[in-house]
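Dumped input.cif below, it's mmCIF, N, CA and C atoms:
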```
data_start
loop_
_atom_site.label_atom_id
_atom_site.label_comp_id
_atom_site.auth_asym_id
_atom_site.auth_seq_id
_atom_site.Cartn_x
_atom_site.Cartn_y
_atom_site.Cartn_z
N TYR A 1 75.39 21.72 56.40
CA TYR A 1 74.71 21.78 57.69
C TYR A 1 73.22 21.95 57.47
N ASN A 2 72.45 21.11 58.10
CA ASN A 2 70.99 21.18 58.01
C ASN A 2 70.44 21.58 59.37
N PRO A 3 70.00 22.85 59.52
CA PRO A 3 69.51 23.30 60.83
C PRO A 3 68.26 22.55 61.30
N GLN A 4 67.59 21.86 60.40
CA GLN A 4 66.39 21.10 60.78
C GLN A 4 66.73 19.69 61.26
N GLN A 5 67.99 19.28 61.07
CA GLN A 5 68.38 17.92 61.43
C GLN A 5 68.25 17.67 62.93
N PHE A 6 68.60 18.66 63.74
CA PHE A 6 68.52 18.54 65.19
C PHE A 6 67.66 19.67 65.72
N ARG A 7 66.80 19.37 66.69
CA ARG A 7 65.94 20.40 67.25
C ARG A 7 65.72 20.13 68.73
N ALA A 8 65.40 21.17 69.46
CA ALA A 8 65.16 21.06 70.90
C ALA A 8 64.06 20.03 71.17
N GLY A 9 64.30 19.19 72.15
CA GLY A 9 63.31 18.20 72.55
C GLY A 9 63.32 16.93 71.73
N GLN A 10 64.17 16.85 70.71
CA GLN A 10 64.21 15.70 69.82
C GLN A 10 64.64 14.43 70.55
N SER A 11 65.60 14.54 71.42
CA SER A 11 66.13 13.38 72.14
C SER A 11 66.21 13.69 73.63
N PRO A 12 65.06 13.79 74.29
CA PRO A 12 65.07 14.19 75.70
C PRO A 12 65.67 13.11 76.60
N ALA A 13 66.49 13.56 77.52
CA ALA A 13 67.06 12.67 78.53
C ALA A 13 67.44 13.53 79.73
N SER A 14 66.86 13.22 80.86
CA SER A 14 67.19 13.99 82.05
C SER A 14 68.51 13.50 82.63
N PHE A 15 69.17 14.37 83.35
CA PHE A 15 70.43 14.01 84.00
C PHE A 15 70.21 12.81 84.92
N GLU A 16 69.12 12.82 85.66
CA GLU A 16 68.82 11.73 86.60
C GLU A 16 68.61 10.40 85.88
N LYS A 17 67.95 10.42 84.72
CA LYS A 17 67.74 9.17 83.98
C LYS A 17 69.06 8.62 83.45
N VAL A 18 69.92 9.49 82.97
CA VAL A 18 71.24 9.05 82.49
C VAL A 18 72.05 8.49 83.65
N LYS A 19 72.04 9.20 84.75
CA LYS A 19 72.77 8.75 85.95
C LYS A 19 72.27 7.37 86.40
N ASP A 20 70.97 7.20 86.41
CA ASP A 20 70.38 5.93 86.81
C ASP A 20 70.75 4.82 85.82
N TYR A 21 70.73 5.12 84.54
CA TYR A 21 71.05 4.15 83.50
C TYR A 21 72.48 3.63 83.64
N LEU A 22 73.40 4.51 84.03
CA LEU A 22 74.81 4.16 84.10
C LEU A 22 75.29 3.75 85.50
N LYS A 23 74.39 3.68 86.46
CA LYS A 23 74.78 3.43 87.85
C LYS A 23 75.49 2.10 88.06
N GLY A 24 75.30 1.13 87.21
CA GLY A 24 75.93 -0.17 87.38
C GLY A 24 77.37 -0.24 86.90
N TYR A 25 77.86 0.84 86.32
CA TYR A 25 79.23 0.86 85.78
C TYR A 25 80.16 1.62 86.72
N SER A 26 81.34 1.06 86.93
CA SER A 26 82.31 1.74 87.78
C SER A 26 83.13 2.72 86.95
N ASN A 27 83.68 3.69 87.62
CA ASN A 27 84.57 4.67 87.01
C ASN A 27 83.91 5.49 85.90
N VAL A 28 82.62 5.75 86.03
CA VAL A 28 81.89 6.63 85.11
C VAL A 28 81.60 7.91 85.87
N HIS A 29 81.96 9.04 85.28
CA HIS A 29 81.76 10.33 85.94
C HIS A 29 80.89 11.21 85.06
N LEU A 30 79.85 11.76 85.63
CA LEU A 30 78.93 12.62 84.91
C LEU A 30 79.05 14.05 85.43
N TYR A 31 79.02 15.00 84.51
CA TYR A 31 79.11 16.40 84.87
C TYR A 31 77.98 17.13 84.16
N LYS A 32 77.09 17.70 84.91
CA LYS A 32 75.94 18.39 84.35
C LYS A 32 76.33 19.82 83.98
N GLY A 33 75.93 20.24 82.79
CA GLY A 33 76.19 21.60 82.36
C GLY A 33 76.64 21.65 80.91
N ILE A 34 77.11 22.81 80.53
CA ILE A 34 77.55 23.04 79.15
C ILE A 34 79.06 22.85 79.06
N PHE A 35 79.47 21.97 78.16
CA PHE A 35 80.88 21.73 77.92
C PHE A 35 81.42 22.83 77.01
N PRO A 36 82.60 23.36 77.22
CA PRO A 36 83.66 22.93 78.11
C PRO A 36 83.67 23.58 79.48
N ALA A 37 82.68 24.39 79.80
CA ALA A 37 82.64 25.03 81.12
C ALA A 37 82.61 24.00 82.25
N THR A 38 82.05 22.84 82.01
CA THR A 38 81.94 21.80 83.04
C THR A 38 83.21 20.96 83.15
N ALA A 39 84.21 21.24 82.35
CA ALA A 39 85.41 20.41 82.30
C ALA A 39 86.51 20.86 83.26
N LYS A 40 86.26 21.84 84.08
CA LYS A 40 87.30 22.34 84.99
C LYS A 40 87.86 21.24 85.89
N THR A 41 87.03 20.34 86.34
CA THR A 41 87.49 19.30 87.27
C THR A 41 88.30 18.20 86.59
N ILE A 42 88.28 18.16 85.27
CA ILE A 42 89.03 17.11 84.55
C ILE A 42 90.12 17.68 83.64
N LYS A 43 90.39 18.96 83.76
CA LYS A 43 91.33 19.60 82.83
C LYS A 43 92.75 19.06 82.93
N ASN A 44 93.13 18.45 84.04
CA ASN A 44 94.49 17.92 84.20
C ASN A 44 94.56 16.40 84.11
N LYS A 45 93.49 15.77 83.65
CA LYS A 45 93.44 14.31 83.54
C LYS A 45 93.90 13.86 82.17
N LYS A 46 94.31 12.60 82.09
CA LYS A 46 94.63 11.93 80.83
C LYS A 46 93.51 10.94 80.55
N PHE A 47 93.26 10.67 79.29
CA PHE A 47 92.15 9.81 78.90
C PHE A 47 92.60 8.68 77.99
N SER A 48 91.97 7.52 78.16
CA SER A 48 92.19 6.37 77.29
C SER A 48 91.05 6.19 76.31
N PHE A 49 89.85 6.64 76.71
CA PHE A 49 88.66 6.48 75.87
C PHE A 49 87.73 7.67 76.07
N VAL A 50 87.30 8.24 74.97
CA VAL A 50 86.34 9.35 75.00
C VAL A 50 85.28 9.06 73.93
N SER A 51 84.03 9.17 74.30
CA SER A 51 82.92 9.00 73.36
C SER A 51 82.18 10.33 73.24
N LEU A 52 82.13 10.84 72.02
CA LEU A 52 81.46 12.12 71.76
C LEU A 52 80.14 11.89 71.05
N ASP A 53 79.12 12.57 71.50
CA ASP A 53 77.82 12.54 70.84
C ASP A 53 77.21 13.93 70.99
N VAL A 54 77.79 14.88 70.27
CA VAL A 54 77.38 16.27 70.44
C VAL A 54 76.67 16.85 69.23
N ASP A 55 76.67 16.15 68.10
CA ASP A 55 75.83 16.40 66.93
C ASP A 55 76.17 17.60 66.05
N ILE A 56 76.87 18.59 66.55
CA ILE A 56 77.09 19.79 65.73
C ILE A 56 78.57 20.18 65.64
N TYR A 57 78.88 21.00 64.68
CA TYR A 57 80.25 21.39 64.36
C TYR A 57 81.01 21.97 65.56
N GLN A 58 80.52 23.06 66.14
CA GLN A 58 81.28 23.76 67.17
C GLN A 58 81.50 22.91 68.41
N SER A 59 80.49 22.17 68.82
CA SER A 59 80.63 21.31 69.99
C SER A 59 81.64 20.19 69.73
N THR A 60 81.64 19.66 68.52
CA THR A 60 82.61 18.62 68.16
C THR A 60 84.02 19.18 68.18
N LEU A 61 84.19 20.35 67.59
CA LEU A 61 85.51 20.99 67.55
C LEU A 61 85.99 21.33 68.97
N ASP A 62 85.11 21.86 69.80
CA ASP A 62 85.47 22.18 71.20
C ASP A 62 85.91 20.92 71.94
N ALA A 63 85.19 19.83 71.76
CA ALA A 63 85.53 18.58 72.44
C ALA A 63 86.87 18.04 71.96
N LEU A 64 87.11 18.08 70.66
CA LEU A 64 88.39 17.60 70.13
C LEU A 64 89.55 18.45 70.64
N ASN A 65 89.37 19.76 70.64
CA ASN A 65 90.42 20.65 71.15
C ASN A 65 90.72 20.38 72.62
N PHE A 66 89.72 20.02 73.39
CA PHE A 66 89.91 19.74 74.80
C PHE A 66 90.53 18.35 75.02
N PHE A 67 89.95 17.31 74.42
CA PHE A 67 90.35 15.95 74.73
C PHE A 67 91.59 15.45 73.98
N TYR A 68 91.76 15.79 72.73
CA TYR A 68 92.86 15.24 71.93
C TYR A 68 94.22 15.39 72.61
N PRO A 69 94.59 16.58 73.10
CA PRO A 69 95.90 16.69 73.74
C PRO A 69 96.02 15.91 75.06
N LYS A 70 94.91 15.50 75.61
CA LYS A 70 94.90 14.78 76.89
C LYS A 70 94.80 13.26 76.69
N MET A 71 94.76 12.81 75.45
CA MET A 71 94.64 11.39 75.17
C MET A 71 95.99 10.69 75.35
N LYS A 72 95.94 9.52 75.96
CA LYS A 72 97.14 8.67 76.08
C LYS A 72 97.44 8.06 74.71
N GLU A 73 98.69 7.71 74.48
CA GLU A 73 99.04 7.02 73.24
C GLU A 73 98.24 5.73 73.15
N GLY A 74 97.60 5.51 72.01
CA GLY A 74 96.73 4.35 71.84
C GLY A 74 95.31 4.58 72.31
N GLY A 75 95.06 5.76 72.90
CA GLY A 75 93.72 6.10 73.35
C GLY A 75 92.77 6.28 72.18
N ILE A 76 91.50 6.10 72.44
CA ILE A 76 90.48 6.13 71.38
C ILE A 76 89.45 7.21 71.63
N ILE A 77 89.19 7.98 70.59
CA ILE A 77 88.06 8.92 70.59
C ILE A 77 87.06 8.37 69.58
N ILE A 78 85.84 8.18 70.01
CA ILE A 78 84.76 7.77 69.11
C ILE A 78 83.80 8.94 69.01
N SER A 79 83.37 9.22 67.80
CA SER A 79 82.39 10.29 67.61
C SER A 79 81.17 9.74 66.88
N HIS A 80 80.05 9.96 67.47
CA HIS A 80 78.76 9.57 66.93
C HIS A 80 78.41 10.51 65.77
N ASP A 81 77.64 10.04 64.84
CA ASP A 81 77.07 10.84 63.74
C ASP A 81 78.08 11.37 62.72
N TYR A 82 79.27 10.78 62.65
CA TYR A 82 80.25 11.24 61.65
C TYR A 82 79.70 11.14 60.24
N ALA A 83 79.04 10.03 59.93
CA ALA A 83 78.56 9.80 58.57
C ALA A 83 77.24 10.49 58.25
N ASN A 84 76.50 10.92 59.27
CA ASN A 84 75.19 11.50 58.96
C ASN A 84 74.97 12.89 59.53
N SER A 85 76.02 13.52 60.02
CA SER A 85 75.92 14.91 60.47
C SER A 85 77.06 15.70 59.82
N PRO A 86 76.75 16.50 58.82
CA PRO A 86 77.80 17.24 58.12
C PRO A 86 78.67 18.10 59.03
N GLY A 87 78.10 18.66 60.08
CA GLY A 87 78.87 19.50 61.01
C GLY A 87 79.91 18.70 61.77
N VAL A 88 79.54 17.50 62.20
CA VAL A 88 80.46 16.63 62.92
C VAL A 88 81.60 16.22 61.99
N LYS A 89 81.26 15.79 60.79
CA LYS A 89 82.27 15.37 59.81
C LYS A 89 83.23 16.51 59.48
N LYS A 90 82.68 17.69 59.26
CA LYS A 90 83.51 18.86 58.92
C LYS A 90 84.48 19.19 60.06
N ALA A 91 84.00 19.17 61.30
CA ALA A 91 84.84 19.49 62.45
C ALA A 91 85.97 18.46 62.61
N ILE A 92 85.65 17.20 62.50
CA ILE A 92 86.66 16.15 62.66
C ILE A 92 87.68 16.21 61.54
N ASP A 93 87.21 16.31 60.32
CA ASP A 93 88.14 16.37 59.18
C ASP A 93 89.04 17.60 59.27
N LYS A 94 88.49 18.73 59.66
CA LYS A 94 89.29 19.95 59.81
C LYS A 94 90.31 19.78 60.94
N PHE A 95 89.87 19.25 62.06
CA PHE A 95 90.75 19.10 63.22
C PHE A 95 91.93 18.17 62.91
N LEU A 96 91.67 17.08 62.22
CA LEU A 96 92.71 16.09 61.95
C LEU A 96 93.58 16.42 60.74
N LYS A 97 93.28 17.50 60.05
CA LYS A 97 93.99 17.86 58.82
C LYS A 97 95.51 17.87 59.00
N ASP A 98 96.00 18.36 60.13
CA ASP A 98 97.44 18.43 60.36
C ASP A 98 97.92 17.44 61.42
N LYS A 99 97.12 16.39 61.67
CA LYS A 99 97.45 15.37 62.66
C LYS A 99 97.78 14.06 61.96
N PRO A 100 98.56 13.18 62.61
CA PRO A 100 98.94 11.92 61.96
C PRO A 100 97.84 10.85 61.96
N GLU A 101 96.82 11.02 62.78
CA GLU A 101 95.79 10.00 62.90
C GLU A 101 94.79 10.07 61.74
N PRO A 102 94.44 8.90 61.19
CA PRO A 102 93.38 8.87 60.19
C PRO A 102 92.02 8.75 60.86
N VAL A 103 90.98 9.09 60.13
CA VAL A 103 89.62 8.84 60.58
C VAL A 103 89.28 7.41 60.19
N ILE A 104 88.83 6.64 61.15
CA ILE A 104 88.41 5.27 60.88
C ILE A 104 86.90 5.24 60.99
N GLU A 105 86.24 5.08 59.85
CA GLU A 105 84.78 5.07 59.86
C GLU A 105 84.27 3.70 60.31
N VAL A 106 83.32 3.74 61.24
CA VAL A 106 82.71 2.54 61.79
C VAL A 106 81.20 2.76 61.75
N GLY A 107 80.57 2.32 60.66
CA GLY A 107 79.15 2.60 60.49
C GLY A 107 78.93 4.10 60.38
N TYR A 108 78.03 4.65 61.14
CA TYR A 108 77.78 6.09 61.12
C TYR A 108 78.70 6.85 62.07
N GLN A 109 79.51 6.12 62.83
CA GLN A 109 80.46 6.73 63.77
C GLN A 109 81.85 6.77 63.15
N CYS A 110 82.77 7.38 63.87
CA CYS A 110 84.18 7.29 63.48
C CYS A 110 85.01 7.12 64.73
N MET A 111 86.23 6.63 64.52
CA MET A 111 87.15 6.38 65.60
C MET A 111 88.48 7.01 65.25
N ILE A 112 89.12 7.58 66.26
CA ILE A 112 90.46 8.15 66.13
C ILE A 112 91.31 7.47 67.20
N ILE A 113 92.40 6.87 66.78
CA ILE A 113 93.32 6.22 67.73
C ILE A 113 94.57 7.09 67.83
N LYS A 114 94.82 7.61 69.01
CA LYS A 114 95.94 8.55 69.23
C LYS A 114 97.27 7.85 68.99
N VAL A 115 98.06 8.43 68.10
CA VAL A 115 99.35 7.86 67.74
C VAL A 115 100.42 8.25 68.75
N LYS A 116 100.53 9.52 69.05
CA LYS A 116 101.56 10.01 69.98
C LYS A 116 100.93 10.86 71.05
#
```
This entry written out as structure tokens:
Amino acid sequence: YNPQQFRAGQSPASFEKVKDYLKGYSNVHLYKGIFPATAKTIKNKKFSFVSLDVDIYQSTLDALNFFYPKMKEGGIIISHDYANSPGVKKAIDKFLKDKPEPVIEVGYQCMIIKVK
């Protein structure tokens, strides 16, 4: 883990700019706040596709613990920075240690396809 790899203000994006950027897409839902506290409204949903870009170990692990059991069979989780963020790689590798799914590396990202 390199604490200098990510820092406050490095990748600024306001909620409004993200919302505006994605406005042309249907069925996209944005929730402002800190995950997983903001996940109350989706806790009973099933997912086919989840894209994670949280950059650090604990946030990656929290997201996997939340989304993995809610994934449909054949559903895909993509995680950004798998190859270039040691915390992300460590969290994913640890989480999948006792799971049947392999990590599929795709450039600097990885993909997990839910088996069951």
Could you give me, as a PyMOL selection string, the residues within 10 Å of range 22-35 of chain A, counting only C-alpha atoms and dropping anything in the same chain fewer than 4 positions from it? chain A and resi 15-18+39-42+54+59+62-63+66
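Every protein, DNA or RNA residue with an atom at most 8 Å from Tyr108 in chain A, where only C-alpha atoms count and chain neighbours fewer than 4 positions away do not, is listed here: His80, Asp81, Tyr82, Ala83 and Asn84 of chain A.
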Let's see if you can do this: from backbone DSSP, list all strand (DSSP E) residues in range 1-114 of chain A, as a list of chain:residue names. A:Phe47, A:Ser48, A:Phe49, A:Val50, A:Ser51, A:Leu52, A:Met71, A:Lys72, A:Glu73, A:Gly74, A:Gly75, A:Ile76, A:Ile77, A:Ile78, A:Ser79, A:Ile104, A:Glu105, A:Val106, A:Gln109, A:Cys110, A:Met111, A:Ile112, A:Ile113
Can you tell me, as a list in words, what residues are no more than 7 Å from Ser51 in chain A when counting all atoms listed in the file, ignoring any on the same chain fewer than 4 positions away?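 Contacts, in chain order: Ile76, Ile77, Ile78, Ser79 and His80 of chain A.
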Picked residues, the PyMOL selection byres ((chain A and resi 113) around 6.5), as a PyMOL selection string: chain A and resi 74-77+101-102+111-112+114-115
Those same residues, written as a short mmCIF file (atom, residue, chain, number, x, y, z; two decimals), in the coordinates of the input with N, CA and C atoms?
```cif
data_model
loop_
_atom_site.label_atom_id
_atom_site.label_comp_id
_atom_site.auth_asym_id
_atom_site.auth_seq_id
_atom_site.Cartn_x
_atom_site.Cartn_y
_atom_site.Cartn_z
N GLY A 74 97.60 5.51 72.01
CA GLY A 74 96.73 4.35 71.84
C GLY A 74 95.31 4.58 72.31
N GLY A 75 95.06 5.76 72.90
CA GLY A 75 93.72 6.10 73.35
C GLY A 75 92.77 6.28 72.18
N ILE A 76 91.50 6.10 72.44
CA ILE A 76 90.48 6.13 71.38
C ILE A 76 89.45 7.21 71.63
N ILE A 77 89.19 7.98 70.59
CA ILE A 77 88.06 8.92 70.59
C ILE A 77 87.06 8.37 69.58
N GLU A 101 96.82 11.02 62.78
CA GLU A 101 95.79 10.00 62.90
C GLU A 101 94.79 10.07 61.74
N PRO A 102 94.44 8.90 61.19
CA PRO A 102 93.38 8.87 60.19
C PRO A 102 92.02 8.75 60.86
N MET A 111 86.23 6.63 64.52
CA MET A 111 87.15 6.38 65.60
C MET A 111 88.48 7.01 65.25
N ILE A 112 89.12 7.58 66.26
CA ILE A 112 90.46 8.15 66.13
C ILE A 112 91.31 7.47 67.20
N LYS A 114 94.82 7.61 69.01
CA LYS A 114 95.94 8.55 69.23
C LYS A 114 97.27 7.85 68.99
N VAL A 115 98.06 8.43 68.10
CA VAL A 115 99.35 7.86 67.74
C VAL A 115 100.42 8.25 68.75
#
```
Run DSSP on the backbone and grab whatever in chain A lands in helix (DSSP H, G or I); send it over as number ranges by chain. A: 15-21, 37-42, 57-70, 86-96
Give me, as an mmCIF file with N, CA and C atoms, in the frame of the given file, all polymer residues having an atom no more than 6 Å from range 69-71 of chain A, counting all atoms listed in the file and skipping those fewer than 6 positions away in the same chain.
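Below is the file selection-v1.cif, written as the result:
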```
data_model
loop_
_atom_site.group_PDB
_atom_site.id
_atom_site.type_symbol
_atom_site.label_atom_id
_atom_site.label_comp_id
_atom_site.auth_asym_id
_atom_site.auth_seq_id
_atom_site.Cartn_x
_atom_site.Cartn_y
_atom_site.Cartn_z
ATOM 1 N N LYS A 45 93.490 15.770 83.650
ATOM 2 C CA LYS A 45 93.440 14.310 83.540
ATOM 3 C C LYS A 45 93.900 13.860 82.170
ATOM 4 N N LYS A 46 94.310 12.600 82.090
ATOM 5 C CA LYS A 46 94.630 11.930 80.830
ATOM 6 C C LYS A 46 93.510 10.940 80.550
ATOM 7 N N PHE A 47 93.260 10.670 79.290
ATOM 8 C CA PHE A 47 92.150 9.810 78.900
ATOM 9 C C PHE A 47 92.600 8.680 77.990
ATOM 10 N N SER A 48 91.970 7.520 78.160
ATOM 11 C CA SER A 48 92.190 6.370 77.290
ATOM 12 C C SER A 48 91.050 6.190 76.310
#
```
Report the distance between atom C of Phe67 in chain A and CA of Gly107 in chain A in Å, rounded to one decimal place. 22.4 Å
Taking into account all atoms listed in the file, which residue in the set A:Asp20, A:Phe49, A:Ala8, A:Glu73 is nearest to Lys116 in chain A?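 When distances to Lys116 in chain A are compared using all atoms listed in the file, the smallest one comes from A:Glu73.
Every protein or nucleic acid residue with an atom no more than 7 Å from range 90-96 of chain A, counting only C-alpha atoms and leaving out same-chain residues fewer than 3 positions away, appears here: Tyr57, Thr60, Leu61, Pro86, Gly87, Lys99 and Glu101 of chain A.
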Please measure the separation of atom N of Ile56 in chain A and atom C of Thr38 in chain A, giving the value in Å to one decimal.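 The value is 17.9 Å.
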Measure the distance from atom N of Lys89 in chain A to atom C of Pro36 in chain A in Å and round it to one decimal.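 Taking atom N of Lys89 in chain A as the start and atom C of Pro36 in chain A as the end point, the length is 20.4 Å.
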In terms of the shortest atom-to-atom distance over only N, CA and C atoms, which of A:Tyr21, A:Val88, A:Lys43, A:Ala37 is closest to Asp55 in chain A?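 Nearest candidate to Asp55 in chain A out of A:Tyr21, A:Val88, A:Lys43, A:Ala37: A:Val88.
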Will you model all heavy atoms for range 40-50 of chain A and pass it back as an mmCIF file, keeping the file's coordinate frame?
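Output (result-v2.cif):
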```
data_model
loop_
_atom_site.group_PDB
_atom_site.id
_atom_site.type_symbol
_atom_site.label_atom_id
_atom_site.label_comp_id
_atom_site.auth_asym_id
_atom_site.auth_seq_id
_atom_site.Cartn_x
_atom_site.Cartn_y
_atom_site.Cartn_z
ATOM 1 N N LYS A 40 86.260 21.840 84.080
ATOM 2 C CA LYS A 40 87.300 22.340 84.990
ATOM 3 C C LYS A 40 87.860 21.240 85.890
ATOM 4 O O LYS A 40 89.061 21.206 86.147
ATOM 5 C CB LYS A 40 86.742 23.475 85.843
ATOM 6 C CG LYS A 40 86.425 24.716 85.046
ATOM 7 C CD LYS A 40 85.736 25.768 85.891
ATOM 8 C CE LYS A 40 85.276 26.890 84.994
ATOM 9 N NZ LYS A 40 84.239 27.678 85.577
ATOM 10 N N THR A 41 87.030 20.340 86.340
ATOM 11 C CA THR A 41 87.490 19.300 87.270
ATOM 12 C C THR A 41 88.300 18.200 86.590
ATOM 13 O O THR A 41 88.947 17.415 87.266
ATOM 14 C CB THR A 41 86.301 18.651 88.014
ATOM 15 O OG1 THR A 41 85.420 18.075 87.051
ATOM 16 C CG2 THR A 41 85.563 19.658 88.867
ATOM 17 N N ILE A 42 88.280 18.160 85.270
ATOM 18 C CA ILE A 42 89.030 17.110 84.550
ATOM 19 C C ILE A 42 90.120 17.680 83.640
ATOM 20 O O ILE A 42 90.726 16.947 82.880
ATOM 21 C CB ILE A 42 88.089 16.197 83.736
ATOM 22 C CG1 ILE A 42 87.312 16.984 82.688
ATOM 23 C CG2 ILE A 42 87.170 15.426 84.668
ATOM 24 C CD1 ILE A 42 86.548 16.133 81.705
ATOM 25 N N LYS A 43 90.390 18.960 83.760
ATOM 26 C CA LYS A 43 91.330 19.600 82.830
ATOM 27 C C LYS A 43 92.750 19.060 82.930
ATOM 28 O O LYS A 43 93.506 19.147 81.973
ATOM 29 C CB LYS A 43 91.323 21.113 82.999
ATOM 30 C CG LYS A 43 91.906 21.595 84.305
ATOM 31 C CD LYS A 43 91.872 23.096 84.406
ATOM 32 C CE LYS A 43 92.484 23.528 85.722
ATOM 33 N NZ LYS A 43 92.488 24.956 85.868
ATOM 34 N N ASN A 44 93.130 18.450 84.040
ATOM 35 C CA ASN A 44 94.490 17.920 84.200
ATOM 36 C C ASN A 44 94.560 16.400 84.110
ATOM 37 O O ASN A 44 95.572 15.802 84.431
ATOM 38 C CB ASN A 44 95.083 18.377 85.535
ATOM 39 C CG ASN A 44 95.256 19.877 85.563
ATOM 40 O OD1 ASN A 44 95.658 20.484 84.572
ATOM 41 N ND2 ASN A 44 94.923 20.487 86.685
ATOM 42 N N LYS A 45 93.490 15.770 83.650
ATOM 43 C CA LYS A 45 93.440 14.310 83.540
ATOM 44 C C LYS A 45 93.900 13.860 82.170
ATOM 45 O O LYS A 45 93.897 14.608 81.206
ATOM 46 C CB LYS A 45 92.023 13.818 83.792
ATOM 47 C CG LYS A 45 91.480 14.213 85.146
ATOM 48 C CD LYS A 45 91.052 13.019 85.895
ATOM 49 C CE LYS A 45 90.441 13.430 87.214
ATOM 50 N NZ LYS A 45 91.073 12.853 88.329
ATOM 51 N N LYS A 46 94.310 12.600 82.090
ATOM 52 C CA LYS A 46 94.630 11.930 80.830
ATOM 53 C C LYS A 46 93.510 10.940 80.550
ATOM 54 O O LYS A 46 92.894 10.403 81.478
ATOM 55 C CB LYS A 46 95.968 11.185 80.921
ATOM 56 C CG LYS A 46 97.162 12.099 80.973
ATOM 57 C CD LYS A 46 97.381 12.702 79.618
ATOM 58 C CE LYS A 46 98.730 13.398 79.534
ATOM 59 N NZ LYS A 46 98.945 13.981 78.236
ATOM 60 N N PHE A 47 93.260 10.670 79.290
ATOM 61 C CA PHE A 47 92.150 9.810 78.900
ATOM 62 C C PHE A 47 92.600 8.680 77.990
ATOM 63 O O PHE A 47 93.476 8.856 77.150
ATOM 64 C CB PHE A 47 91.066 10.635 78.202
ATOM 65 C CG PHE A 47 90.480 11.690 79.083
ATOM 66 C CD1 PHE A 47 91.057 12.939 79.162
ATOM 67 C CD2 PHE A 47 89.374 11.426 79.860
ATOM 68 C CE1 PHE A 47 90.537 13.922 79.995
ATOM 69 C CE2 PHE A 47 88.845 12.391 80.696
ATOM 70 C CZ PHE A 47 89.430 13.641 80.768
ATOM 71 N N SER A 48 91.970 7.520 78.160
ATOM 72 C CA SER A 48 92.190 6.370 77.290
ATOM 73 C C SER A 48 91.050 6.190 76.310
ATOM 74 O O SER A 48 91.220 5.632 75.239
ATOM 75 C CB SER A 48 92.311 5.096 78.124
ATOM 76 O OG SER A 48 93.417 5.183 78.982
ATOM 77 N N PHE A 49 89.850 6.640 76.710
ATOM 78 C CA PHE A 49 88.660 6.480 75.870
ATOM 79 C C PHE A 49 87.730 7.670 76.070
ATOM 80 O O PHE A 49 87.433 8.036 77.204
ATOM 81 C CB PHE A 49 87.924 5.182 76.231
ATOM 82 C CG PHE A 49 86.706 4.950 75.401
ATOM 83 C CD1 PHE A 49 86.813 4.445 74.115
ATOM 84 C CD2 PHE A 49 85.453 5.243 75.898
ATOM 85 C CE1 PHE A 49 85.681 4.242 73.338
ATOM 86 C CE2 PHE A 49 84.317 5.038 75.137
ATOM 87 C CZ PHE A 49 84.428 4.536 73.848
ATOM 88 N N VAL A 50 87.300 8.240 74.970
ATOM 89 C CA VAL A 50 86.340 9.350 75.000
ATOM 90 C C VAL A 50 85.280 9.060 73.930
ATOM 91 O O VAL A 50 85.616 8.737 72.791
ATOM 92 C CB VAL A 50 87.024 10.707 74.702
ATOM 93 C CG1 VAL A 50 85.999 11.813 74.520
ATOM 94 C CG2 VAL A 50 88.004 11.065 75.810
#
```
